[in-house]
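Quick look at model.cif (mmCIF, C-alpha atoms):
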```cif
data_data
#
loop_
_atom_site.label_atom_id
_atom_site.label_comp_id
_atom_site.auth_asym_id
_atom_site.auth_seq_id
_atom_site.Cartn_x
_atom_site.Cartn_y
_atom_site.Cartn_z
CA MET A 1 65.72 20.97 157.53
CA ASN A 2 65.88 17.27 156.56
CA PHE A 3 67.55 14.34 158.39
CA PHE A 4 70.99 15.43 157.25
CA GLU A 5 70.37 19.02 158.45
CA GLU A 6 70.30 20.28 154.89
CA LYS A 7 68.01 23.14 153.94
CA VAL A 8 65.05 21.90 151.88
CA VAL A 9 63.32 24.26 149.48
CA PRO A 10 59.56 23.54 149.51
CA PHE A 11 58.13 22.54 146.15
CA GLU A 12 55.18 24.70 145.13
CA ARG A 13 52.39 22.68 143.62
CA PRO A 14 50.59 24.12 140.58
CA ALA A 15 46.95 25.16 140.70
CA SER A 16 45.86 22.06 138.76
CA TYR A 17 47.22 19.82 141.55
CA TRP A 18 45.09 21.51 144.20
CA GLN A 19 42.07 21.54 141.89
CA LYS A 20 42.23 17.76 141.47
CA LYS A 21 42.53 17.24 145.22
CA ALA A 22 39.61 19.60 145.83
CA ARG A 23 37.40 17.74 143.34
CA LYS A 24 38.23 14.43 145.04
CA ALA A 25 37.20 15.95 148.38
CA TYR A 26 33.92 17.23 146.95
CA ARG A 27 31.69 15.14 149.23
CA PRO A 28 29.07 16.21 151.80
CA ASP A 29 31.30 15.24 154.73
CA ARG A 30 34.42 16.97 153.34
CA MET A 31 33.11 20.23 151.88
CA PRO A 32 35.22 22.56 154.09
CA GLU A 33 38.34 20.64 153.02
CA ALA A 34 37.30 20.94 149.36
CA ALA A 35 36.91 24.70 149.83
CA ARG A 36 40.32 24.94 151.49
CA LEU A 37 42.00 23.06 148.65
CA MET A 38 40.24 25.09 145.97
CA ARG A 39 41.29 28.32 147.74
CA LYS A 40 44.85 27.03 147.57
CA ALA A 41 44.43 26.42 143.83
CA LEU A 42 43.17 29.98 143.41
CA GLU A 43 46.15 31.33 145.34
CA GLN A 44 48.53 29.37 143.08
CA GLY A 45 47.35 31.21 140.00
CA GLY A 46 43.93 29.79 139.36
CA ASP A 47 41.79 31.54 136.74
CA SER A 48 38.13 32.57 136.70
CA HIS A 49 37.05 28.91 136.32
CA THR A 50 38.74 28.12 139.63
CA ALA A 51 36.94 31.03 141.29
CA LEU A 52 33.65 29.72 139.87
CA GLU A 53 34.33 26.23 141.23
CA LEU A 54 35.11 27.69 144.63
CA ALA A 55 31.92 29.74 144.53
CA ALA A 56 29.93 26.60 143.71
CA ILE A 57 31.50 24.75 146.66
CA TYR A 58 30.61 27.56 149.06
CA ARG A 59 27.11 27.83 147.61
CA SER A 60 26.54 24.10 148.17
CA MET A 61 27.47 24.65 151.84
CA LEU A 62 25.04 27.60 151.90
CA CYS A 63 27.88 30.06 152.49
CA ILE A 64 26.10 32.50 150.19
CA SER A 65 28.18 35.56 151.12
CA ALA A 66 31.41 33.69 150.34
CA ALA A 67 29.97 32.36 147.07
CA GLU A 68 28.98 35.86 145.97
CA ARG A 69 32.45 37.18 146.78
CA TYR A 70 34.14 34.61 144.55
CA LEU A 71 31.54 35.12 141.82
CA MET A 72 32.58 38.78 141.77
CA LYS A 73 36.20 37.70 141.41
CA ALA A 74 35.27 35.35 138.55
CA ALA A 75 33.28 38.11 136.84
CA ALA A 76 36.19 40.55 137.11
CA GLU A 77 38.59 38.08 135.48
CA GLY A 78 36.41 36.13 133.04
CA GLY A 79 33.36 38.30 132.38
CA LEU A 80 29.79 37.06 132.10
CA THR A 81 29.70 33.31 131.49
CA PRO A 82 26.88 30.72 131.61
CA GLN A 83 28.25 29.19 134.82
CA LEU A 84 28.47 32.63 136.44
CA CYS A 85 24.84 33.37 135.52
CA TYR A 86 23.73 30.00 136.87
CA GLU A 87 25.48 30.43 140.22
CA THR A 88 24.23 34.02 140.50
CA GLY A 89 20.67 32.81 139.95
CA LEU A 90 20.93 30.20 142.71
CA CYS A 91 22.42 32.72 145.14
CA ALA A 92 19.65 35.19 144.29
CA LEU A 93 17.01 32.56 145.10
CA GLU A 94 18.50 32.16 148.58
CA ARG A 95 18.27 35.92 149.01
CA GLN A 96 14.66 35.83 147.73
CA GLU A 97 15.59 38.11 144.84
CA GLU A 98 13.36 36.22 142.42
CA ALA A 99 13.39 38.77 139.58
CA MET A 100 17.19 38.81 139.66
CA ALA A 101 17.30 35.01 139.76
CA GLU A 102 15.01 34.75 136.73
CA ASP A 103 17.17 37.23 134.82
CA ALA A 104 20.33 35.29 135.64
CA LEU A 105 18.92 31.87 134.77
CA ASP A 106 17.48 33.15 131.50
CA ALA A 107 20.82 34.75 130.67
CA CYS A 108 22.47 31.36 131.18
CA ILE A 109 20.04 29.78 128.72
CA ARG A 110 20.76 32.44 126.10
CA LEU A 111 24.54 32.20 126.55
CA SER A 112 24.68 28.39 126.28
CA PRO A 113 21.60 27.14 124.40
CA GLY A 114 21.13 23.40 124.31
CA SER A 115 23.70 22.71 127.03
CA ALA A 116 23.14 20.60 130.14
CA LEU A 117 23.56 23.73 132.27
CA ALA A 118 20.88 25.56 130.30
CA HIS A 119 18.62 22.53 130.67
CA GLU A 120 19.05 22.71 134.44
CA CYS A 121 18.15 26.41 134.36
CA GLN A 122 15.07 25.54 132.32
CA GLU A 123 14.00 23.03 134.95
CA ILE A 124 14.37 25.60 137.74
CA LEU A 125 12.49 28.29 135.82
CA GLU A 126 9.58 25.98 135.11
CA ASN A 127 9.38 24.09 138.41
CA TYR A 128 10.51 26.53 141.13
CA ALA A 129 7.70 27.72 143.43
CA TRP A 130 7.80 31.38 142.39
CA SER A 131 6.02 33.70 144.81
CA TYR A 132 3.68 35.20 142.22
CA GLN A 133 -0.01 34.84 143.06
CA ALA A 134 -2.79 35.63 140.61
CA PRO A 135 -4.62 38.78 141.78
CA GLU A 136 -8.19 38.41 142.98
CA LYS A 137 -11.02 39.76 140.89
CA ARG A 138 -11.64 43.50 141.09
CA THR A 139 -8.35 44.18 142.91
CA ALA A 140 -6.26 45.51 140.01
CA ARG A 141 -6.77 49.14 141.02
CA SER A 142 -5.90 48.36 144.62
CA LEU A 143 -2.65 46.69 143.58
CA ALA A 144 -1.78 49.65 141.35
CA MET A 145 -2.40 52.10 144.22
CA SER A 146 -0.25 49.92 146.51
CA HIS A 147 2.56 50.14 143.97
CA PHE A 148 2.25 53.96 143.89
CA ALA A 149 2.25 54.02 147.70
CA ARG A 150 5.50 52.02 147.84
CA THR A 151 7.06 54.34 145.28
CA ARG A 152 6.12 57.36 147.36
CA LEU A 153 7.46 55.73 150.50
CA GLN A 154 10.81 55.00 148.84
CA LYS A 155 11.05 58.69 147.92
CA GLY A 156 10.41 59.72 151.53
CA ASP A 157 6.91 61.11 150.94
CA VAL A 158 5.20 59.49 153.94
CA GLN A 159 2.00 61.54 153.69
CA GLY A 160 1.59 60.80 149.98
CA ALA A 161 2.28 57.11 150.62
CA ARG A 162 -0.36 57.03 153.36
CA GLU A 163 -3.00 58.62 151.12
CA ARG A 164 -2.38 56.10 148.35
CA ALA A 165 -2.24 53.19 150.79
CA GLU A 166 -5.61 54.26 152.18
CA ALA A 167 -7.04 54.43 148.66
CA ALA A 168 -5.62 50.97 147.93
CA TRP A 169 -7.23 49.59 151.09
CA LYS A 170 -10.65 51.06 150.28
CA ARG A 171 -10.58 49.78 146.71
CA GLY A 172 -9.62 46.19 147.31
CA LYS A 173 -8.64 45.29 150.88
CA THR A 174 -5.82 43.15 149.53
CA GLY A 175 -3.02 41.79 151.67
CA GLU A 176 -0.54 44.17 150.04
CA ALA A 177 -2.73 47.18 150.83
CA ALA A 178 -3.24 45.96 154.41
CA VAL A 179 0.52 45.69 155.00
CA LEU A 180 1.18 49.19 153.66
CA PHE A 181 -1.75 50.86 155.39
CA GLY A 182 -0.89 49.11 158.65
CA MET A 183 2.75 50.20 158.47
CA LEU A 184 1.70 53.82 157.99
CA GLN A 185 -0.73 54.01 160.90
CA PRO A 186 0.22 56.54 163.62
CA THR A 187 -0.07 54.04 166.52
CA PRO A 188 0.42 50.28 166.88
CA ARG A 189 -3.14 49.87 168.19
CA GLN A 190 -4.55 51.37 165.00
CA ALA A 191 -2.23 49.26 162.88
CA GLU A 192 -3.16 45.94 164.50
CA PRO A 193 -6.43 45.15 162.63
CA TYR A 194 -4.87 45.88 159.23
CA VAL A 195 -1.79 43.75 159.96
CA LYS A 196 -3.99 40.88 161.18
CA HIS A 197 -5.93 41.10 157.93
CA ALA A 198 -2.62 40.96 156.02
CA THR A 199 -1.53 37.77 157.83
CA GLU A 200 -4.81 36.13 156.78
CA LYS A 201 -4.60 37.28 153.16
CA LEU A 202 -0.88 36.53 152.83
CA ALA A 203 -0.83 33.31 154.83
CA GLY A 204 2.51 31.55 154.65
CA GLN A 205 4.54 34.72 154.07
CA THR A 206 6.97 35.98 156.70
CA PRO A 207 6.80 39.83 156.35
CA PRO A 208 3.19 40.16 157.65
CA MET A 209 3.95 37.87 160.60
CA LEU A 210 7.08 39.85 161.48
CA LEU A 211 5.09 43.08 161.28
CA LEU A 212 2.35 41.62 163.49
CA SER A 213 4.85 40.57 166.15
CA GLN A 214 6.36 44.08 166.09
CA VAL A 215 2.91 45.65 166.50
CA TYR A 216 2.18 43.38 169.48
CA PHE A 217 5.55 44.17 171.05
CA GLN A 218 5.09 47.93 170.67
CA GLN A 219 1.78 47.64 172.54
CA GLY A 220 3.42 45.77 175.40
CA LYS A 221 1.89 42.41 174.44
CA THR A 222 5.16 40.56 174.86
CA GLU A 223 3.74 37.04 175.01
CA ALA A 224 1.57 37.59 171.91
CA ALA A 225 4.63 38.97 170.10
CA ARG A 226 6.66 35.91 171.10
CA GLN A 227 3.94 33.55 169.83
CA ALA A 228 3.78 35.42 166.52
CA MET A 229 7.56 35.09 166.18
CA GLN A 230 7.37 31.36 166.88
CA GLN A 231 4.74 30.99 164.15
CA CYS A 232 6.93 33.03 161.81
CA ALA A 233 9.97 30.83 162.53
CA ALA A 234 8.14 27.86 161.03
CA LEU A 235 7.68 29.84 157.79
CA CYS A 236 11.35 30.80 157.37
CA LEU A 237 12.83 28.70 154.58
CA SER A 238 15.43 30.82 152.81
CA LEU A 239 18.52 32.56 154.15
CA GLN A 240 16.96 35.97 153.61
CA GLN A 241 13.92 35.03 155.69
CA VAL A 242 16.08 33.72 158.54
CA GLU A 243 18.20 36.88 158.53
CA ALA A 244 15.11 39.12 158.59
CA PHE A 245 13.70 37.04 161.44
CA SER A 246 16.93 37.32 163.46
CA LEU A 247 17.07 41.10 163.01
CA MET A 248 13.48 41.52 164.22
CA ALA A 249 14.01 39.08 167.10
CA ALA A 250 17.12 40.97 168.22
CA GLN A 251 15.19 44.26 168.24
CA MET A 252 12.56 42.75 170.56
CA GLY A 253 15.02 40.81 172.73
CA PHE A 254 13.86 37.35 171.59
CA TYR A 255 17.41 36.05 171.27
CA ASP A 256 16.51 32.47 172.19
CA GLU A 257 14.03 32.22 169.30
CA ALA A 258 16.58 33.49 166.78
CA LEU A 259 19.27 31.18 168.17
CA SER A 260 16.93 28.19 168.01
CA LEU A 261 16.04 28.93 164.37
CA ALA A 262 19.71 29.34 163.38
CA GLU A 263 20.63 26.06 165.08
CA SER A 264 17.79 24.23 163.32
CA LYS A 265 19.10 25.46 159.97
CA LEU A 266 22.66 24.49 160.92
CA LYS A 267 21.51 20.89 161.37
CA MET A 268 20.86 20.86 157.61
CA TYR A 269 23.82 23.11 156.65
CA PRO A 270 26.42 22.73 159.44
CA CYS A 271 29.08 24.63 157.48
CA SER A 272 26.98 27.65 156.50
CA THR A 273 28.94 30.70 157.59
CA ASP A 274 25.84 32.88 157.16
CA TYR A 275 23.84 30.84 159.66
CA LEU A 276 26.88 30.58 161.94
CA LEU A 277 27.13 34.39 161.98
CA ILE A 278 23.52 34.62 163.16
CA LYS A 279 24.29 32.07 165.87
CA TYR A 280 27.39 34.07 166.88
CA ARG A 281 25.43 37.29 167.28
CA MET A 282 22.67 35.66 169.31
CA LEU A 283 25.19 33.95 171.62
CA LYS A 284 26.87 37.33 172.18
CA LYS A 285 23.48 38.88 172.97
CA LEU A 286 22.81 36.11 175.52
CA GLY A 287 26.20 36.69 177.15
CA LYS A 288 27.64 33.30 176.12
CA ARG A 289 31.00 34.69 175.10
CA GLU A 290 33.01 31.45 175.12
CA GLN A 291 30.53 29.64 172.88
CA ALA A 292 30.38 32.67 170.60
CA ASP A 293 34.19 32.74 170.28
CA ARG A 294 34.21 29.06 169.26
CA VAL A 295 31.57 29.75 166.62
CA LEU A 296 33.61 32.69 165.29
CA GLN A 297 36.71 30.47 165.10
CA THR A 298 34.69 27.92 163.08
CA ILE A 299 33.55 30.65 160.69
CA LEU A 300 37.10 31.77 159.98
CA GLU A 301 38.25 28.17 159.52
CA ILE A 302 35.59 27.61 156.86
CA ASP A 303 36.12 30.99 155.18
CA PRO A 304 39.26 32.84 156.33
CA ASP A 305 38.36 35.84 154.14
CA ASP A 306 34.84 36.35 155.49
CA ALA A 307 34.65 40.12 155.96
CA CYS A 308 32.02 39.86 158.68
CA GLY A 309 33.96 37.28 160.69
CA LEU A 310 37.18 39.28 160.38
CA TRP A 311 35.37 42.43 161.51
CA TYR A 312 33.97 40.68 164.59
CA ALA A 313 37.42 39.25 165.35
CA ARG A 314 38.89 42.77 165.30
CA HIS A 315 35.95 44.21 167.27
CA PRO A 316 35.06 41.55 169.88
CA GLU A 317 32.60 43.85 171.65
CA GLU A 318 30.46 44.35 168.55
CA ASP A 319 27.42 42.17 167.87
CA VAL A 320 25.47 44.26 165.34
CA PRO A 321 24.97 42.86 161.80
CA TYR A 322 27.73 43.65 159.33
CA LEU A 323 25.68 44.35 156.20
CA SER A 324 28.46 45.40 153.80
CA ARG A 325 28.94 41.78 152.72
CA MET A 326 25.56 41.95 150.93
CA MET A 327 26.82 44.42 148.32
CA PHE A 328 28.04 41.81 145.81
CA LEU A 329 24.73 40.29 144.71
CA PRO A 330 23.19 43.57 143.43
CA ILE A 331 26.31 44.14 141.29
CA LEU A 332 26.09 40.60 139.88
CA GLY A 333 22.40 41.14 139.20
CA MET A 334 23.14 44.32 137.27
CA MET A 335 25.61 42.38 135.12
CA THR A 336 23.16 39.60 134.23
CA SER A 337 20.37 42.07 133.42
CA SER A 338 22.68 44.24 131.28
CA LEU A 339 22.67 41.85 128.33
CA ARG A 340 21.43 43.46 125.16
CA ARG A 341 17.68 43.53 124.70
CA MET A 342 17.33 40.44 122.52
CA ARG A 343 18.96 38.40 125.26
CA LYS A 344 16.65 39.44 128.05
CA ARG A 345 14.41 36.93 129.76
CA GLY A 346 11.10 35.84 128.34
CA PRO A 347 9.14 32.88 126.97
CA LEU A 348 11.07 32.84 123.68
CA ASN A 349 14.34 32.15 125.51
CA ARG A 350 13.00 28.99 127.09
CA LEU A 351 11.30 27.81 123.92
CA LEU A 352 14.54 28.20 121.96
CA HIS A 353 16.44 26.22 124.54
CA LEU A 354 13.82 23.48 124.52
CA PHE A 355 14.21 22.96 120.76
CA ALA A 356 17.98 23.44 120.78
CA PHE A 357 18.23 20.73 123.44
CA ALA A 358 15.73 18.37 121.73
CA LEU A 359 17.45 18.70 118.33
CA ARG A 360 21.03 19.00 119.56
CA GLU A 361 22.15 15.98 117.48
CA GLU A 362 20.46 17.19 114.29
CA ALA A 363 21.13 20.93 114.09
CA ALA A 364 23.27 23.63 115.66
CA PRO A 365 21.51 26.08 118.02
CA GLU A 366 22.10 28.89 115.52
CA MET A 367 20.03 27.03 112.91
CA ILE A 368 17.18 26.49 115.37
CA TYR A 369 17.23 30.19 116.26
CA ALA A 370 17.17 31.18 112.58
CA MET A 371 14.02 29.11 112.05
CA ILE A 372 12.01 29.86 115.20
CA VAL A 373 12.71 33.54 115.91
CA PRO A 374 11.27 34.92 112.60
CA LEU A 375 8.17 32.75 113.04
CA TRP A 376 7.74 33.79 116.71
CA ARG A 377 7.53 37.45 115.71
CA LYS A 378 4.55 36.71 113.46
CA LEU A 379 2.56 34.48 115.83
CA SER A 380 -0.50 35.79 117.65
CA GLY A 381 -0.49 36.40 121.39
CA ARG A 382 -2.61 33.31 121.97
CA GLU A 383 -0.27 31.11 119.94
CA LYS A 384 2.71 32.42 121.90
CA LYS A 385 0.95 31.73 125.18
CA LEU A 386 0.17 28.16 124.14
CA LEU A 387 3.85 27.59 123.37
CA ASP A 388 4.93 29.19 126.63
CA ASP A 389 2.46 26.98 128.54
CA ARG A 390 3.92 23.94 126.77
CA ASP A 391 0.65 23.03 125.08
CA GLU A 392 1.22 19.58 123.57
CA ASN A 393 -0.36 20.34 120.19
CA ALA A 394 1.41 23.70 119.81
CA ILE A 395 4.80 22.13 120.59
CA HIS A 396 4.16 19.29 118.11
CA TRP A 397 3.22 21.72 115.33
CA LEU A 398 6.36 23.77 115.86
CA TYR A 399 8.48 20.63 116.01
CA LEU A 400 7.04 19.45 112.69
CA TYR A 401 7.71 22.87 111.17
CA VAL A 402 11.36 22.71 112.25
CA LEU A 403 11.71 19.20 110.77
CA VAL A 404 10.43 20.48 107.42
CA ARG A 405 12.83 23.41 107.50
CA LEU A 406 15.69 21.01 108.29
CA GLY A 407 14.77 18.82 105.34
CA LYS A 408 13.86 15.83 107.54
CA LYS A 409 10.87 14.88 105.40
CA GLU A 410 10.98 11.18 106.21
CA ARG A 411 10.91 11.92 109.94
CA PHE A 412 8.14 14.48 109.36
CA TYR A 413 5.84 12.01 107.56
CA GLN A 414 6.58 9.31 110.11
CA LEU A 415 5.45 11.55 112.99
CA ILE A 416 2.46 13.21 111.33
CA SER A 417 1.01 9.92 110.14
CA SER A 418 0.81 8.56 113.70
CA MET A 419 -0.48 11.62 115.53
CA PRO A 420 -4.14 12.58 116.11
CA GLY A 421 -5.42 15.68 114.35
CA ARG A 422 -3.21 15.13 111.30
CA ARG A 423 -5.08 17.53 109.03
CA ARG A 424 -4.97 20.32 111.55
CA ALA A 425 -1.25 19.73 112.04
CA GLU A 426 -0.67 19.90 108.30
CA ARG A 427 -2.58 23.19 108.09
CA LYS A 428 -0.57 24.65 110.97
CA VAL A 429 2.76 23.66 109.43
CA ALA A 430 1.66 25.13 106.09
CA GLN A 431 0.65 28.32 107.93
CA TYR A 432 4.06 28.54 109.64
CA LEU A 433 5.85 28.02 106.32
CA TYR A 434 3.73 30.72 104.72
CA LEU A 435 4.42 33.17 107.56
CA THR A 436 8.14 32.67 107.06
CA GLN A 437 7.76 32.84 103.26
CA GLU A 438 8.80 29.26 102.75
CA GLY A 439 5.50 27.93 101.35
#
```
How does the structure come out when it is put into C-alpha cells?
Amino acid sequence: MNFFEEKVVPFERPASYWQKKARKAYRPDRMPEAARLMRKALEQGGDSHTALELAAIYRSMLCISAAERYLMKAAAEGGLTPQLCYETGLCALERQEEAMAEDALDACIRLSPGSALAHECQEILENYAWSYQAPEKRTARSLAMSHFARTRLQKGDVQGARERAEAAWKRGKTGEAAVLFGMLQPTPRQAEPYVKHATEKLAGQTPPMLLLSQVYFQQGKTEAARQAMQQCAALCLSLQQVEAFSLMAAQMGFYDEALSLAESKLKMYPCSTDYLLIKYRMLKKLGKREQADRVLQTILEIDPDDACGLWYARHPEEDVPYLSRMMFLPILGMMTSSLRRMRKRGPLNRLLHLFAFALREEAAPEMIYAMIVPLWRKLSGREKKLLDDRDENAIHWLYLYVLVRLGKKERFYQLISSMPGRRRAERKVAQYLYLTQEG
C-alpha cells in the first residue's frame, strides 16, 4: 500500500539490472552482496553466462562447492565453453585434482586460442607448482609396483596389494612404496617405521603426516599423534587438504586443532562456506551449539542453496560430513576431458596458443594452426621437447618459419639479420619449409 492506501504492484527488474548492480558490488568487502545480486539476476531469467559469473564470484570467495553447483547449471544450459573450462580448472586445483585441472585449462586454450582467457590458462599451466617430482634413479620398477598395488587395493584384493607393495618397497624404498606398505601392515606398531620413512621421503606432503598421526593414535601415543597433526596443519594449503585434516582430526577427537585450522583459513577467506562448514562441525563436536548455530546461519546467508547447510538445518543433531556436495566436480571433469582426441591436453596446445597470441594482429588462429600442426607432426622428439621447454632458439626458428609462411618477408629479414646464429636459423627455416613441402 502507498500513502493513499492504493495497492501498488511491484515492478520486476530484468536480469540485466541485477547483473549491473552485482558487478558494481564486485569488491573484496562486498562479495556476499555481489553473490546475492547475481543470484537475483539468475532467478529473473539469467542465462548460462549469468550462472558462470555467479560461479566465479563464489569461487573468488573460496565457496568451491557453490561454484561447482553453478558451473553444472551453466554447463546444462550453455554446454562446454572456455569460461566454464577455466573455472572448472581453478576449482579442481582447490580440490587437488591436478590432472583434471590440467585437462580443463588445456581445453580452454583449445576452445579460445589467442584470447586473454587462454593466455591466463597458459600462465597457470606453466607457472603453477604442480606436485610432480622426478623419480630417483633406479626406482622406476618400485614406482610401477606401487601403481599395481594401488590398482589391486582399489579392486579389493588386499593380499595382492600387500604382495606388490612389499615388492615395491624392496626394489626402491620410495616414499610411495613406504606409504602403501605401511598402510597394509597388520598392526600399527609394524606400520610405524615405514610411515616414518614416508614422511621423510615425501616431506611437505600431508597424506604421510596424517597417516603417521593415525598410527601413533592407534598405539595409544596420543601426544605424539597430536604433535604430528599440528605439524600437518602447517602443510595444509588447499581446501582438499584442510578437509582431509578435519576428517582425520575428528576421528581422533582433536577437534580444537581442526577448529583452529579452519579459523586460520577463514581469516583469509571469511566468506568461504566450505571452511565455515568445517568450523560448524567442530563447534558441534565441542558442544558449542550456540556458536555453531550462528555459523550455520552465516552459511545460509552467503549461499541459501547450500545442500550441506540446508541438511544440517533440517537435522540439527547431525555433525557428520555431508559428502554428496562433492559430486559435481567429477562430472565437470568428465566433460572437459571428453573433447575429441585432437583437442586433448599436451605441449602442442600450449605452443599453438603462444603463437596465436603473439601473432593475433597479423593472422587468425586458424591460419597459425594450419602452419604449425603439419610441421609439428614431422618434428623429432627432441625438437618437440625444445619447443615445449620454450628453448629460445627453437621458438625463434619456428617464429621465423611462420613469418615466411605468412609472406612477411621484410619482417623476416629484419629479425634474422640481427640475431646470433643467422646461418643456423636459415637452415632450420629451410628445413621446416621442406618438411611442409613449401621449399
So which residues are close to (34.3, 27.5, 140.0), meaning at most 10 Å away in the file's coordinates with all atoms listed in the file counted, and can you show them as an mmCIF file with C-alpha atoms, in the coordinates of the input?
```cif
data_model
loop_
_atom_site.group_PDB
_atom_site.id
_atom_site.type_symbol
_atom_site.label_atom_id
_atom_site.label_comp_id
_atom_site.auth_asym_id
_atom_site.auth_seq_id
_atom_site.Cartn_x
_atom_site.Cartn_y
_atom_site.Cartn_z
ATOM 1 C CA GLN A 19 42.070 21.540 141.890
ATOM 2 C CA MET A 38 40.240 25.090 145.970
ATOM 3 C CA LEU A 42 43.170 29.980 143.410
ATOM 4 C CA GLY A 46 43.930 29.790 139.360
ATOM 5 C CA ASP A 47 41.790 31.540 136.740
ATOM 6 C CA SER A 48 38.130 32.570 136.700
ATOM 7 C CA HIS A 49 37.050 28.910 136.320
ATOM 8 C CA THR A 50 38.740 28.120 139.630
ATOM 9 C CA ALA A 51 36.940 31.030 141.290
ATOM 10 C CA LEU A 52 33.650 29.720 139.870
ATOM 11 C CA GLU A 53 34.330 26.230 141.230
ATOM 12 C CA LEU A 54 35.110 27.690 144.630
ATOM 13 C CA ALA A 55 31.920 29.740 144.530
ATOM 14 C CA ALA A 56 29.930 26.600 143.710
ATOM 15 C CA ILE A 57 31.500 24.750 146.660
ATOM 16 C CA TYR A 58 30.610 27.560 149.060
ATOM 17 C CA ALA A 67 29.970 32.360 147.070
ATOM 18 C CA TYR A 70 34.140 34.610 144.550
ATOM 19 C CA LEU A 71 31.540 35.120 141.820
ATOM 20 C CA ALA A 74 35.270 35.350 138.550
ATOM 21 C CA GLN A 83 28.250 29.190 134.820
ATOM 22 C CA LEU A 84 28.470 32.630 136.440
ATOM 23 C CA GLU A 87 25.480 30.430 140.220
#
```
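The list of residues with at least one atom within 10 Å of Leu354 in chain A, based on only C-alpha atoms and without residues fewer than 2 positions apart in the same chain, reads Ile109, Pro113, Gly114, Ala118, His119, Gln122, Leu348, Asn349, Arg350, Leu351, Leu352, Ala356, Phe357, Ala358, Leu359, Arg360 and Ile395 of chain A.
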Please produce a file of those selected residues containing C-alpha atoms, as a short mmCIF file (atom, residue, chain, number, x, y, z; two decimals), keeping the file's coordinate frame.
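Below is the file selection_6.cif, written as the result:
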```cif
data_model
loop_
_atom_site.label_atom_id
_atom_site.label_comp_id
_atom_site.auth_asym_id
_atom_site.auth_seq_id
_atom_site.Cartn_x
_atom_site.Cartn_y
_atom_site.Cartn_z
CA ILE A 109 20.04 29.78 128.72
CA PRO A 113 21.60 27.14 124.40
CA GLY A 114 21.13 23.40 124.31
CA ALA A 118 20.88 25.56 130.30
CA HIS A 119 18.62 22.53 130.67
CA GLN A 122 15.07 25.54 132.32
CA LEU A 348 11.07 32.84 123.68
CA ASN A 349 14.34 32.15 125.51
CA ARG A 350 13.00 28.99 127.09
CA LEU A 351 11.30 27.81 123.92
CA LEU A 352 14.54 28.20 121.96
CA ALA A 356 17.98 23.44 120.78
CA PHE A 357 18.23 20.73 123.44
CA ALA A 358 15.73 18.37 121.73
CA LEU A 359 17.45 18.70 118.33
CA ARG A 360 21.03 19.00 119.56
CA ILE A 395 4.80 22.13 120.59
#
```
Practice task
Name every residue that the PyMOL selection byres ((chain A and resi 195) around 12) selects in this structure, writing the answer as a ChimeraX atom specification with chains first and numbers rising.
Solution key: /A:169,173-185,188-194,196-203,207-216,228
Completion exercise
Using only C-alpha atoms, the best pick from A:Met100, A:Met371, A:Ala234, A:Ala66 as closest to Cys308 in chain A would be A:Ala66
Translate the PyMOL selection byres ((chain A and resi 235-238) around 10), as applied to the file shown, into an explicit residue set as a compact mmCIF listing (two decimals) with C-alpha atoms, in the coordinates of the input.
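Saved to selection29.txt:
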```
# COMPACT_ATOMS: atom_id res chain seq x y z
CA LEU A 93 17.01 32.56 145.10
CA GLU A 94 18.50 32.16 148.58
CA ARG A 95 18.27 35.92 149.01
CA GLN A 96 14.66 35.83 147.73
CA ALA A 203 -0.83 33.31 154.83
CA GLY A 204 2.51 31.55 154.65
CA GLN A 205 4.54 34.72 154.07
CA THR A 206 6.97 35.98 156.70
CA MET A 209 3.95 37.87 160.60
CA MET A 229 7.56 35.09 166.18
CA GLN A 230 7.37 31.36 166.88
CA GLN A 231 4.74 30.99 164.15
CA CYS A 232 6.93 33.03 161.81
CA ALA A 233 9.97 30.83 162.53
CA ALA A 234 8.14 27.86 161.03
CA LEU A 239 18.52 32.56 154.15
CA GLN A 240 16.96 35.97 153.61
CA GLN A 241 13.92 35.03 155.69
CA VAL A 242 16.08 33.72 158.54
CA GLU A 243 18.20 36.88 158.53
CA ALA A 244 15.11 39.12 158.59
CA PHE A 245 13.70 37.04 161.44
CA LEU A 261 16.04 28.93 164.37
CA LYS A 265 19.10 25.46 159.97
```
Problem - Residues in the PyMOL selection byres ((chain A and resi 274-290) around 8), expressed as a PyMOL selection string - result: chain A and resi 62-65+239+243+246+250+255-256+258-259+262-263+265-266+271-273+291-296+299+309+319-321
Handout entry: Separation of CA of Thr88 in chain A from CA of Gly333 in chain A in Å
Key = 7.5 Å
Handout entry: Straight-line distance linking CA of Arg427 in chain A with CA of Arg390 in chain A, stated in Å to one decimal
Key = 19.8 Å
